[in-house]
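Q: My structure is below; once you've seen it, I'll send some questions.
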Amino acid sequence: MNQISPAKPRAKPRLATRARPLLNLIAGKPVAAIFEITLLCNSTCGYCDLPLNQGRRELSRHEIRRIFGDLYRDGIRFLFIQGGEPLARTDLIEVLEDLAAIGFSMTLVTNGTRLTPGFIARLGQLPISISVSLDTLDRDTYRRIRGRDQLPRVLAGIKLLAEFSGPKYLTCIVSEANRGDALSIAEFAREIGFLPIFGAYHWNVKAYGKANAELNYARQDAMAVFEQIAASNLVPKGYFRAYLKDNLRWLAGKKLDACDAGRHSIAIDASGNVTPCLAQAQSGNLRIQSLTEILASIDRAGIKSCSDQSTCNLLCSRIVGTALRRPLKGLKGFARR
């Protein structure tokens, strides 16, 4: 079997490469990407509509190096690594080390069930933050939402992160099943040194969000939850407080600023398919096309229609725009990453 040698840190990039992200922001081109590194998953969340655990050819480690090296030269700098459950991929830490060597700043989004001391030790050497999805501290409610009785494993994984020096987040999706638990999640997060992030459960937003009668809520009820969290000041000022307020505006039926899907951010699935975000149709594949070719075919009208309807809970599709529209708040958010 051929072994892939560890990636070596790149030499200091040329001025044109270093300036590319700024040029992208000016030109309305991506600087951030969601990367669904695998669509294997050990949860069956009631709100997830992704095609999980279906046979597919995932990008190899070698392909990821090549493709993401090109994306770095194209100006992308921030990656949200998720799944599925990313730790279901056996070479995840090696891929993260390769991406760090290219020069990316990353956030790993995980359900927290497969964290180990060895993995966390290697993760701590990288320019990466970690977000653990946690919707409740009640074991039965967790099972109802996530489809698996895994809360003890998640809490054990969170405990292992106590010494992790990078930014740490707990992300909670508020639904009817857990709206009474949201404040306790925020308090728990701050007690253990994590920043809490809250998004509203969405259903039937184009390709994103599965309708689930057990999770559907009345908007007024969800608004009360977000108002309570905002009043608690447990979510610090900066990007995540702005996102919290975006959820409140959306629940109240107010129009939001345009999101950045396809403009400042894109989504890439495990097979290299590119979409403006997870709610939109595929626009091309990086195995056989350049990012420039793919961006030219994006459905901009579809993005606007979706943005007008929803905040969605895809943080990366709004984070760059938040930094541009509200620079001080945006920079505070980035500083915690």
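Following the order of the structure tokens, first chain is A, next is B, and so on, with residues numbered from 1 inside each chain and ligands from 1 in the order they appear.
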Using only C-alpha atoms, tabulate the residues of stretch 81-143 of chain A lying at most 12 Å from any atom of stretch 167-171 of chain A, each with its closest atom pair and that distance in Å to one decimal, by chain and increasing residue number, as a Markdown table.

A:
```
| residue | atom | partner | partner_atom | distance |
| --- | --- | --- | --- | --- |
| A:Ser105 | CA | A:Pro167 | CA | 11.8 |
| A:Met106 | CA | A:Pro167 | CA | 10.6 |
| A:Thr107 | CA | A:Pro167 | CA | 8.9 |
| A:Leu108 | CA | A:Lys168 | CA | 9.7 |
| A:Val109 | CA | A:Thr171 | CA | 9.0 |
| A:Thr110 | CA | A:Thr171 | CA | 9.8 |
| A:Asn111 | CA | A:Thr171 | CA | 9.6 |
| A:Gly112 | CA | A:Leu170 | CA | 10.1 |
| A:Leu123 | CA | A:Pro167 | CA | 11.8 |
| A:Gly124 | CA | A:Pro167 | CA | 10.3 |
| A:Leu126 | CA | A:Pro167 | CA | 11.6 |
| A:Pro127 | CA | A:Pro167 | CA | 9.8 |
| A:Ile128 | CA | A:Pro167 | CA | 7.7 |
| A:Ser129 | CA | A:Pro167 | CA | 4.8 |
| A:Ile130 | CA | A:Lys168 | CA | 5.1 |
| A:Ser131 | CA | A:Tyr169 | CA | 4.5 |
| A:Val132 | CA | A:Leu170 | CA | 5.0 |
| A:Ser133 | CA | A:Thr171 | CA | 4.8 |
| A:Leu134 | CA | A:Thr171 | CA | 5.9 |
| A:Asp135 | CA | A:Thr171 | CA | 7.3 |
| A:Thr136 | CA | A:Thr171 | CA | 10.3 |
| A:Leu137 | CA | A:Leu170 | CA | 11.9 |
```

Q: Where does stretch 218-286 of chain A meet stretch 56-78 of chain A within 7 Å, residue by residue, with the nearest atom pair and distance in Å to one decimal for each, counting only C-alpha atoms, listed by chain and rising number, as a tab-separated table?

A:
```
residue	atom	partner	partner_atom	distance
A:Ala270	CA	A:Glu58	CA	5.0
A:Ser271	CA	A:Glu58	CA	4.7
A:Gly272	CA	A:Leu59	CA	6.5
A:Leu286	CA	A:Ile67	CA	6.7
```

Q: Quick one: write out the picked residues with C-alpha atoms as a PDB file, in the first residue's frame?

A:
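Wrote it out as result38.pdb, contents follow:
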```
ATOM      1  CA  ALA A 270     -17.595  14.559   0.283  1.00  0.00           C
ATOM      2  CA  SER A 271     -17.404  13.818  -3.452  1.00  0.00           C
ATOM      3  CA  GLY A 272     -16.241  17.295  -4.511  1.00  0.00           C
ATOM      4  CA  LEU A 286     -14.013  20.186  -8.261  1.00  0.00           C
TER       5      LEU A 286
END
```

Q: Which of these, A:Arg144, A:Lys255, A:Lys210, A:Arg139, has the shortest distance to A:Ser305 once you count only C-alpha atoms?

A: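 Nearest candidate to A:Ser305 out of A:Arg144, A:Lys255, A:Lys210, A:Arg139: A:Lys255.
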
Q: Would you pick out the contacts of stretch 147-153 of chain A at 9 Å or less, using only C-alpha atoms, so that residues sharing its chain but fewer than 5 positions from it are not included, and give the list as a list in words?

A: Asn42, Ser43, Thr44, Cys45, Gly46, Gly112, Thr113, Arg114, Leu115, Leu134, Thr136, Leu137, Asp138, Arg139, Asp140, Tyr142 and Ile158 of chain A

Q: Can you pull out every residue within 8 Å of stretch 33-40 of chain A, counting only C-alpha atoms, but drop anything in the same chain fewer than 4 positions away, and send it as a PyMOL selection string?

A: chain A and resi 50-54+58-59+76+78-86+88-89+265-270+277+316

Q: Quick check for you: according to DSSP on this backbone, which residues of stretch 62-221 of chain A are classed as strand (DSSP E or B)? Reply as a PDB file with N, CA, C and O atoms, in the first residue's frame.

A:
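For reference, states-v2.pdb as written:
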```
ATOM      1  N   PHE A  78     -10.944  30.131   4.984  1.00  0.00           N
ATOM      2  CA  PHE A  78     -11.637  29.612   6.155  1.00  0.00           C
ATOM      3  C   PHE A  78     -12.449  28.382   5.772  1.00  0.00           C
ATOM      4  O   PHE A  78     -13.236  28.420   4.817  1.00  0.00           O
ATOM      5  N   LEU A  79     -12.270  27.281   6.511  1.00  0.00           N
ATOM      6  CA  LEU A  79     -12.989  26.038   6.241  1.00  0.00           C
ATOM      7  C   LEU A  79     -13.779  25.600   7.467  1.00  0.00           C
ATOM      8  O   LEU A  79     -13.268  25.617   8.588  1.00  0.00           O
ATOM      9  N   PHE A  80     -15.030  25.213   7.234  1.00  0.00           N
ATOM     10  CA  PHE A  80     -15.856  24.583   8.254  1.00  0.00           C
ATOM     11  C   PHE A  80     -15.904  23.095   7.897  1.00  0.00           C
ATOM     12  O   PHE A  80     -16.543  22.714   6.913  1.00  0.00           O
ATOM     13  N   ILE A  81     -15.228  22.244   8.657  1.00  0.00           N
ATOM     14  CA  ILE A  81     -15.132  20.825   8.363  1.00  0.00           C
ATOM     15  C   ILE A  81     -16.249  20.106   9.110  1.00  0.00           C
ATOM     16  O   ILE A  81     -16.286  20.110  10.342  1.00  0.00           O
ATOM     17  N   GLN A  82     -17.158  19.494   8.368  1.00  0.00           N
ATOM     18  CA  GLN A  82     -18.278  18.825   9.003  1.00  0.00           C
ATOM     19  C   GLN A  82     -18.643  17.566   8.229  1.00  0.00           C
ATOM     20  O   GLN A  82     -17.901  17.088   7.401  1.00  0.00           O
ATOM     21  N   SER A 105      -7.376  28.284   7.941  1.00  0.00           N
ATOM     22  CA  SER A 105      -7.912  28.372   9.286  1.00  0.00           C
ATOM     23  C   SER A 105      -9.221  27.596   9.288  1.00  0.00           C
ATOM     24  O   SER A 105     -10.043  27.774   8.384  1.00  0.00           O
ATOM     25  N   MET A 106      -9.423  26.724  10.297  1.00  0.00           N
ATOM     26  CA  MET A 106     -10.535  25.778  10.223  1.00  0.00           C
ATOM     27  C   MET A 106     -11.381  25.753  11.488  1.00  0.00           C
ATOM     28  O   MET A 106     -10.916  26.101  12.572  1.00  0.00           O
ATOM     29  N   THR A 107     -12.633  25.324  11.308  1.00  0.00           N
ATOM     30  CA  THR A 107     -13.508  24.961  12.410  1.00  0.00           C
ATOM     31  C   THR A 107     -13.998  23.540  12.160  1.00  0.00           C
ATOM     32  O   THR A 107     -14.492  23.237  11.071  1.00  0.00           O
ATOM     33  N   LEU A 108     -13.843  22.674  13.138  1.00  0.00           N
ATOM     34  CA  LEU A 108     -14.340  21.297  13.046  1.00  0.00           C
ATOM     35  C   LEU A 108     -15.683  21.221  13.749  1.00  0.00           C
ATOM     36  O   LEU A 108     -15.809  21.578  14.920  1.00  0.00           O
ATOM     37  N   VAL A 109     -16.713  20.754  13.021  1.00  0.00           N
ATOM     38  CA  VAL A 109     -18.069  20.638  13.560  1.00  0.00           C
ATOM     39  C   VAL A 109     -18.363  19.153  13.770  1.00  0.00           C
ATOM     40  O   VAL A 109     -18.374  18.373  12.814  1.00  0.00           O
ATOM     41  N   THR A 110     -18.598  18.743  15.014  1.00  0.00           N
ATOM     42  CA  THR A 110     -18.740  17.330  15.349  1.00  0.00           C
ATOM     43  C   THR A 110     -19.887  17.121  16.323  1.00  0.00           C
ATOM     44  O   THR A 110     -20.262  18.033  17.063  1.00  0.00           O
ATOM     45  N   ILE A 128      -7.130  25.619  14.459  1.00  0.00           N
ATOM     46  CA  ILE A 128      -8.491  25.108  14.323  1.00  0.00           C
ATOM     47  C   ILE A 128      -9.301  25.387  15.583  1.00  0.00           C
ATOM     48  O   ILE A 128      -8.761  25.399  16.692  1.00  0.00           O
ATOM     49  N   SER A 129     -10.588  25.645  15.406  1.00  0.00           N
ATOM     50  CA  SER A 129     -11.534  25.705  16.510  1.00  0.00           C
ATOM     51  C   SER A 129     -12.453  24.502  16.391  1.00  0.00           C
ATOM     52  O   SER A 129     -12.477  23.814  15.364  1.00  0.00           O
ATOM     53  N   ILE A 130     -13.193  24.206  17.455  1.00  0.00           N
ATOM     54  CA  ILE A 130     -14.068  23.040  17.436  1.00  0.00           C
ATOM     55  C   ILE A 130     -15.452  23.424  17.925  1.00  0.00           C
ATOM     56  O   ILE A 130     -15.608  24.195  18.877  1.00  0.00           O
ATOM     57  N   SER A 131     -16.464  22.916  17.223  1.00  0.00           N
ATOM     58  CA  SER A 131     -17.857  23.143  17.597  1.00  0.00           C
ATOM     59  C   SER A 131     -18.526  21.794  17.826  1.00  0.00           C
ATOM     60  O   SER A 131     -18.534  20.943  16.936  1.00  0.00           O
ATOM     61  N   VAL A 132     -19.046  21.599  19.032  1.00  0.00           N
ATOM     62  CA  VAL A 132     -19.752  20.363  19.368  1.00  0.00           C
ATOM     63  C   VAL A 132     -21.247  20.647  19.364  1.00  0.00           C
ATOM     64  O   VAL A 132     -21.704  21.605  19.996  1.00  0.00           O
ATOM     65  N   SER A 133     -21.992  19.832  18.640  1.00  0.00           N
ATOM     66  CA  SER A 133     -23.446  20.007  18.567  1.00  0.00           C
ATOM     67  C   SER A 133     -24.089  19.412  19.816  1.00  0.00           C
ATOM     68  O   SER A 133     -23.896  18.235  20.116  1.00  0.00           O
ATOM     69  N   LYS A 168     -13.643  27.088  21.425  1.00  0.00           N
ATOM     70  CA  LYS A 168     -14.565  25.965  21.579  1.00  0.00           C
ATOM     71  C   LYS A 168     -16.000  26.491  21.613  1.00  0.00           C
ATOM     72  O   LYS A 168     -16.287  27.446  22.337  1.00  0.00           O
ATOM     73  N   TYR A 169     -16.878  25.841  20.867  1.00  0.00           N
ATOM     74  CA  TYR A 169     -18.279  26.261  20.779  1.00  0.00           C
ATOM     75  C   TYR A 169     -19.201  25.087  21.063  1.00  0.00           C
ATOM     76  O   TYR A 169     -18.892  23.942  20.727  1.00  0.00           O
ATOM     77  N   LEU A 170     -20.348  25.383  21.672  1.00  0.00           N
ATOM     78  CA  LEU A 170     -21.461  24.444  21.725  1.00  0.00           C
ATOM     79  C   LEU A 170     -22.562  25.019  20.848  1.00  0.00           C
ATOM     80  O   LEU A 170     -22.999  26.156  21.067  1.00  0.00           O
ATOM     81  N   THR A 171     -23.000  24.249  19.852  1.00  0.00           N
ATOM     82  CA  THR A 171     -24.024  24.724  18.922  1.00  0.00           C
ATOM     83  C   THR A 171     -25.331  24.003  19.198  1.00  0.00           C
ATOM     84  O   THR A 171     -25.388  22.772  19.192  1.00  0.00           O
ATOM     85  N   CYS A 172     -26.372  24.778  19.436  1.00  0.00           N
ATOM     86  CA  CYS A 172     -27.692  24.245  19.790  1.00  0.00           C
ATOM     87  C   CYS A 172     -28.719  24.707  18.763  1.00  0.00           C
ATOM     88  O   CYS A 172     -28.846  25.908  18.504  1.00  0.00           O
ATOM     89  N   ILE A 173     -29.436  23.757  18.172  1.00  0.00           N
ATOM     90  CA  ILE A 173     -30.526  24.073  17.259  1.00  0.00           C
ATOM     91  C   ILE A 173     -31.840  23.997  18.039  1.00  0.00           C
ATOM     92  O   ILE A 173     -32.203  22.943  18.562  1.00  0.00           O
ATOM     93  N   VAL A 174     -32.527  25.124  18.131  1.00  0.00           N
ATOM     94  CA  VAL A 174     -33.733  25.217  18.951  1.00  0.00           C
ATOM     95  C   VAL A 174     -34.935  24.695  18.171  1.00  0.00           C
ATOM     96  O   VAL A 174     -35.225  25.161  17.068  1.00  0.00           O
ATOM     97  N   LEU A 195     -18.198  28.771  24.038  1.00  0.00           N
ATOM     98  CA  LEU A 195     -19.130  29.824  23.638  1.00  0.00           C
ATOM     99  C   LEU A 195     -20.391  29.177  23.066  1.00  0.00           C
ATOM    100  O   LEU A 195     -20.294  28.302  22.208  1.00  0.00           O
ATOM    101  N   PRO A 196     -21.574  29.596  23.513  1.00  0.00           N
ATOM    102  CA  PRO A 196     -22.809  29.010  22.998  1.00  0.00           C
ATOM    103  C   PRO A 196     -23.257  29.683  21.699  1.00  0.00           C
ATOM    104  O   PRO A 196     -23.173  30.902  21.562  1.00  0.00           O
ATOM    105  N   ILE A 197     -23.718  28.868  20.760  1.00  0.00           N
ATOM    106  CA  ILE A 197     -24.254  29.349  19.489  1.00  0.00           C
ATOM    107  C   ILE A 197     -25.652  28.758  19.339  1.00  0.00           C
ATOM    108  O   ILE A 197     -25.839  27.555  19.536  1.00  0.00           O
ATOM    109  N   PHE A 198     -26.628  29.589  18.957  1.00  0.00           N
ATOM    110  CA  PHE A 198     -28.001  29.123  18.826  1.00  0.00           C
ATOM    111  C   PHE A 198     -28.552  29.448  17.447  1.00  0.00           C
ATOM    112  O   PHE A 198     -28.380  30.557  16.943  1.00  0.00           O
ATOM    113  N   GLY A 199     -29.189  28.459  16.848  1.00  0.00           N
ATOM    114  CA  GLY A 199     -29.890  28.656  15.590  1.00  0.00           C
ATOM    115  C   GLY A 199     -31.281  28.062  15.694  1.00  0.00           C
ATOM    116  O   GLY A 199     -31.515  27.135  16.476  1.00  0.00           O
ATOM    117  N   ALA A 200     -32.222  28.597  14.934  1.00  0.00           N
ATOM    118  CA  ALA A 200     -33.589  28.068  14.924  1.00  0.00           C
ATOM    119  C   ALA A 200     -33.696  26.900  13.953  1.00  0.00           C
ATOM    120  O   ALA A 200     -33.122  26.936  12.864  1.00  0.00           O
ATOM    121  N   VAL A 205     -36.799  24.437   3.721  1.00  0.00           N
ATOM    122  CA  VAL A 205     -36.122  25.566   3.085  1.00  0.00           C
ATOM    123  C   VAL A 205     -35.332  24.999   1.918  1.00  0.00           C
ATOM    124  O   VAL A 205     -34.206  24.559   2.068  1.00  0.00           O
ATOM    125  N   TYR A 208     -32.839  22.112   2.196  1.00  0.00           N
ATOM    126  CA  TYR A 208     -32.289  22.040   3.553  1.00  0.00           C
ATOM    127  C   TYR A 208     -33.385  21.931   4.595  1.00  0.00           C
ATOM    128  O   TYR A 208     -34.362  22.676   4.572  1.00  0.00           O
TER     129      TYR A 208
END
```

Q: Enumerate as a PDB file with N, CA, C and O atoms, in the first residue's frame all residues of stretch 36-78 of chain A assigned to alpha helix (DSSP H) by DSSP on the backbone, naming them with the chain letters and numbers the document uses.

A:
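Result went into part-v4.pdb, see below:
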```pdb
ATOM      1  N   ARG A  61      -7.530  11.481   0.281  1.00  0.00           N
ATOM      2  CA  ARG A  61      -6.634  12.458   0.908  1.00  0.00           C
ATOM      3  C   ARG A  61      -5.799  13.169  -0.158  1.00  0.00           C
ATOM      4  O   ARG A  61      -5.595  14.396  -0.088  1.00  0.00           O
ATOM      5  N   HIS A  62      -5.324  12.431  -1.138  1.00  0.00           N
ATOM      6  CA  HIS A  62      -4.529  13.030  -2.212  1.00  0.00           C
ATOM      7  C   HIS A  62      -5.360  14.048  -2.996  1.00  0.00           C
ATOM      8  O   HIS A  62      -4.879  15.153  -3.318  1.00  0.00           O
ATOM      9  N   GLU A  63      -6.623  13.705  -3.311  1.00  0.00           N
ATOM     10  CA  GLU A  63      -7.489  14.631  -4.049  1.00  0.00           C
ATOM     11  C   GLU A  63      -7.781  15.878  -3.225  1.00  0.00           C
ATOM     12  O   GLU A  63      -7.836  16.994  -3.765  1.00  0.00           O
ATOM     13  N   ILE A  64      -7.971  15.703  -1.933  1.00  0.00           N
ATOM     14  CA  ILE A  64      -8.233  16.857  -1.068  1.00  0.00           C
ATOM     15  C   ILE A  64      -7.043  17.810  -1.088  1.00  0.00           C
ATOM     16  O   ILE A  64      -7.202  19.027  -1.202  1.00  0.00           O
ATOM     17  N   ARG A  65      -5.856  17.263  -0.993  1.00  0.00           N
ATOM     18  CA  ARG A  65      -4.657  18.113  -1.060  1.00  0.00           C
ATOM     19  C   ARG A  65      -4.632  18.927  -2.350  1.00  0.00           C
ATOM     20  O   ARG A  65      -4.376  20.138  -2.337  1.00  0.00           O
ATOM     21  N   ARG A  66      -4.849  18.250  -3.461  1.00  0.00           N
ATOM     22  CA  ARG A  66      -4.775  18.941  -4.754  1.00  0.00           C
ATOM     23  C   ARG A  66      -5.866  19.987  -4.885  1.00  0.00           C
ATOM     24  O   ARG A  66      -5.597  21.155  -5.214  1.00  0.00           O
ATOM     25  N   ILE A  67      -7.110  19.602  -4.613  1.00  0.00           N
ATOM     26  CA  ILE A  67      -8.248  20.491  -4.806  1.00  0.00           C
ATOM     27  C   ILE A  67      -8.168  21.693  -3.867  1.00  0.00           C
ATOM     28  O   ILE A  67      -8.365  22.850  -4.276  1.00  0.00           O
ATOM     29  N   PHE A  68      -7.845  21.445  -2.606  1.00  0.00           N
ATOM     30  CA  PHE A  68      -7.837  22.547  -1.647  1.00  0.00           C
ATOM     31  C   PHE A  68      -6.587  23.407  -1.787  1.00  0.00           C
ATOM     32  O   PHE A  68      -6.600  24.585  -1.414  1.00  0.00           O
ATOM     33  N   GLY A  69      -5.527  22.855  -2.342  1.00  0.00           N
ATOM     34  CA  GLY A  69      -4.391  23.701  -2.704  1.00  0.00           C
ATOM     35  C   GLY A  69      -4.801  24.717  -3.749  1.00  0.00           C
ATOM     36  O   GLY A  69      -4.439  25.906  -3.677  1.00  0.00           O
ATOM     37  N   ASP A  70      -5.590  24.267  -4.739  1.00  0.00           N
ATOM     38  CA  ASP A  70      -6.108  25.186  -5.758  1.00  0.00           C
ATOM     39  C   ASP A  70      -7.057  26.215  -5.139  1.00  0.00           C
ATOM     40  O   ASP A  70      -7.016  27.404  -5.490  1.00  0.00           O
ATOM     41  N   LEU A  71      -7.917  25.768  -4.208  1.00  0.00           N
ATOM     42  CA  LEU A  71      -8.867  26.692  -3.582  1.00  0.00           C
ATOM     43  C   LEU A  71      -8.148  27.752  -2.759  1.00  0.00           C
ATOM     44  O   LEU A  71      -8.585  28.907  -2.701  1.00  0.00           O
ATOM     45  N   TYR A  72      -7.049  27.367  -2.118  1.00  0.00           N
ATOM     46  CA  TYR A  72      -6.262  28.346  -1.370  1.00  0.00           C
ATOM     47  C   TYR A  72      -5.721  29.420  -2.311  1.00  0.00           C
ATOM     48  O   TYR A  72      -5.791  30.622  -2.021  1.00  0.00           O
ATOM     49  N   ARG A  73      -5.212  28.992  -3.454  1.00  0.00           N
ATOM     50  CA  ARG A  73      -4.712  29.969  -4.432  1.00  0.00           C
ATOM     51  C   ARG A  73      -5.849  30.822  -4.987  1.00  0.00           C
ATOM     52  O   ARG A  73      -5.622  31.962  -5.407  1.00  0.00           O
TER      53      ARG A  73
END
```

Q: How far is it from atom CA of A:Ala231 to atom CA of A:Ser175, in Å with one decimal?

A: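 Computing the Euclidean distance for atom CA of A:Ala231 and atom CA of A:Ser175 yields 19.2 Å.
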
Q: Identify, on the basis of only C-alpha atoms, every residue whose closest approach to stretch 221-225 of chain A does not exceed 10 Å; exclude the query and any residue fewer than 2 positions from it along the same chain; express the result as a ChimeraX atom specification.

A: /A:174-176,179-183,200-201,216-219,227-231,247-252

Q: Please write the residues from the selection above to a file, keeping N, CA and C atoms, as a compact mmCIF listing (two decimals), in the first residue's frame.

A:
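File produced: result.txt:
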```
# COMPACT_ATOMS: atom_id res chain seq x y z
N VAL A 174 -32.53 25.12 18.13
CA VAL A 174 -33.73 25.22 18.95
C VAL A 174 -34.94 24.70 18.17
N SER A 175 -35.63 23.73 18.77
CA SER A 175 -36.84 23.16 18.18
C SER A 175 -37.89 23.04 19.28
N GLU A 176 -39.05 22.51 18.93
CA GLU A 176 -40.10 22.31 19.93
C GLU A 176 -39.64 21.34 21.00
N ARG A 179 -36.85 23.47 23.36
CA ARG A 179 -36.85 24.91 23.61
C ARG A 179 -36.81 25.25 25.10
N GLY A 180 -37.24 24.31 25.93
CA GLY A 180 -37.14 24.55 27.37
C GLY A 180 -35.75 24.31 27.93
N ASP A 181 -34.85 23.80 27.10
CA ASP A 181 -33.50 23.45 27.56
C ASP A 181 -32.44 24.45 27.11
N ALA A 182 -32.80 25.40 26.25
CA ALA A 182 -31.80 26.25 25.60
C ALA A 182 -31.00 27.07 26.61
N LEU A 183 -31.66 27.67 27.57
CA LEU A 183 -30.94 28.51 28.53
C LEU A 183 -29.94 27.67 29.34
N ALA A 200 -32.22 28.60 14.93
CA ALA A 200 -33.59 28.07 14.92
C ALA A 200 -33.70 26.90 13.95
N TYR A 201 -34.41 25.87 14.36
CA TYR A 201 -34.71 24.75 13.46
C TYR A 201 -35.52 25.26 12.27
N ASN A 216 -41.29 20.69 15.03
CA ASN A 216 -41.90 21.94 14.56
C ASN A 216 -42.42 22.76 15.74
N TYR A 217 -42.25 24.08 15.66
CA TYR A 217 -42.65 24.95 16.75
C TYR A 217 -43.53 26.08 16.22
N ALA A 218 -44.24 26.74 17.12
CA ALA A 218 -44.90 28.00 16.80
C ALA A 218 -43.85 29.11 16.91
N ARG A 219 -43.84 30.04 15.98
CA ARG A 219 -42.79 31.07 15.96
C ARG A 219 -42.75 31.88 17.25
N GLU A 227 -35.35 35.40 22.84
CA GLU A 227 -35.37 36.61 23.66
C GLU A 227 -34.78 36.35 25.04
N GLN A 228 -35.09 35.18 25.60
CA GLN A 228 -34.56 34.82 26.91
C GLN A 228 -33.04 34.68 26.87
N ILE A 229 -32.54 34.04 25.82
CA ILE A 229 -31.10 33.86 25.68
C ILE A 229 -30.40 35.21 25.49
N ALA A 230 -31.00 36.07 24.64
CA ALA A 230 -30.42 37.39 24.40
C ALA A 230 -30.37 38.20 25.69
N ALA A 231 -31.42 38.13 26.49
CA ALA A 231 -31.48 38.89 27.74
C ALA A 231 -30.48 38.39 28.77
N ASN A 247 -31.85 35.51 14.09
CA ASN A 247 -32.88 34.51 14.29
C ASN A 247 -34.17 35.14 14.81
N LEU A 248 -34.02 36.08 15.73
CA LEU A 248 -35.20 36.78 16.26
C LEU A 248 -35.91 37.55 15.17
N ARG A 249 -35.14 38.24 14.33
CA ARG A 249 -35.76 39.00 13.25
C ARG A 249 -36.50 38.07 12.28
N TRP A 250 -35.86 36.94 11.97
CA TRP A 250 -36.50 36.00 11.04
C TRP A 250 -37.78 35.43 11.65
N LEU A 251 -37.74 35.04 12.93
CA LEU A 251 -38.92 34.48 13.58
C LEU A 251 -40.05 35.50 13.65
N ALA A 252 -39.69 36.79 13.69
CA ALA A 252 -40.70 37.85 13.71
C ALA A 252 -41.20 38.20 12.31
```

Q: One number please: atom CA of A:Gly103 to atom CA of A:Ala121, in Å, one decimal.

A: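 For atom CA of A:Gly103 relative to atom CA of A:Ala121, the distance reads 19.7 Å.
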
Q: Just give me the gap between atom CA of A:Arg143 and atom CA of A:Cys41 in Å, one decimal is fine.

A: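 Pair atom CA of A:Arg143 / atom CA of A:Cys41 returns 15.0 Å.
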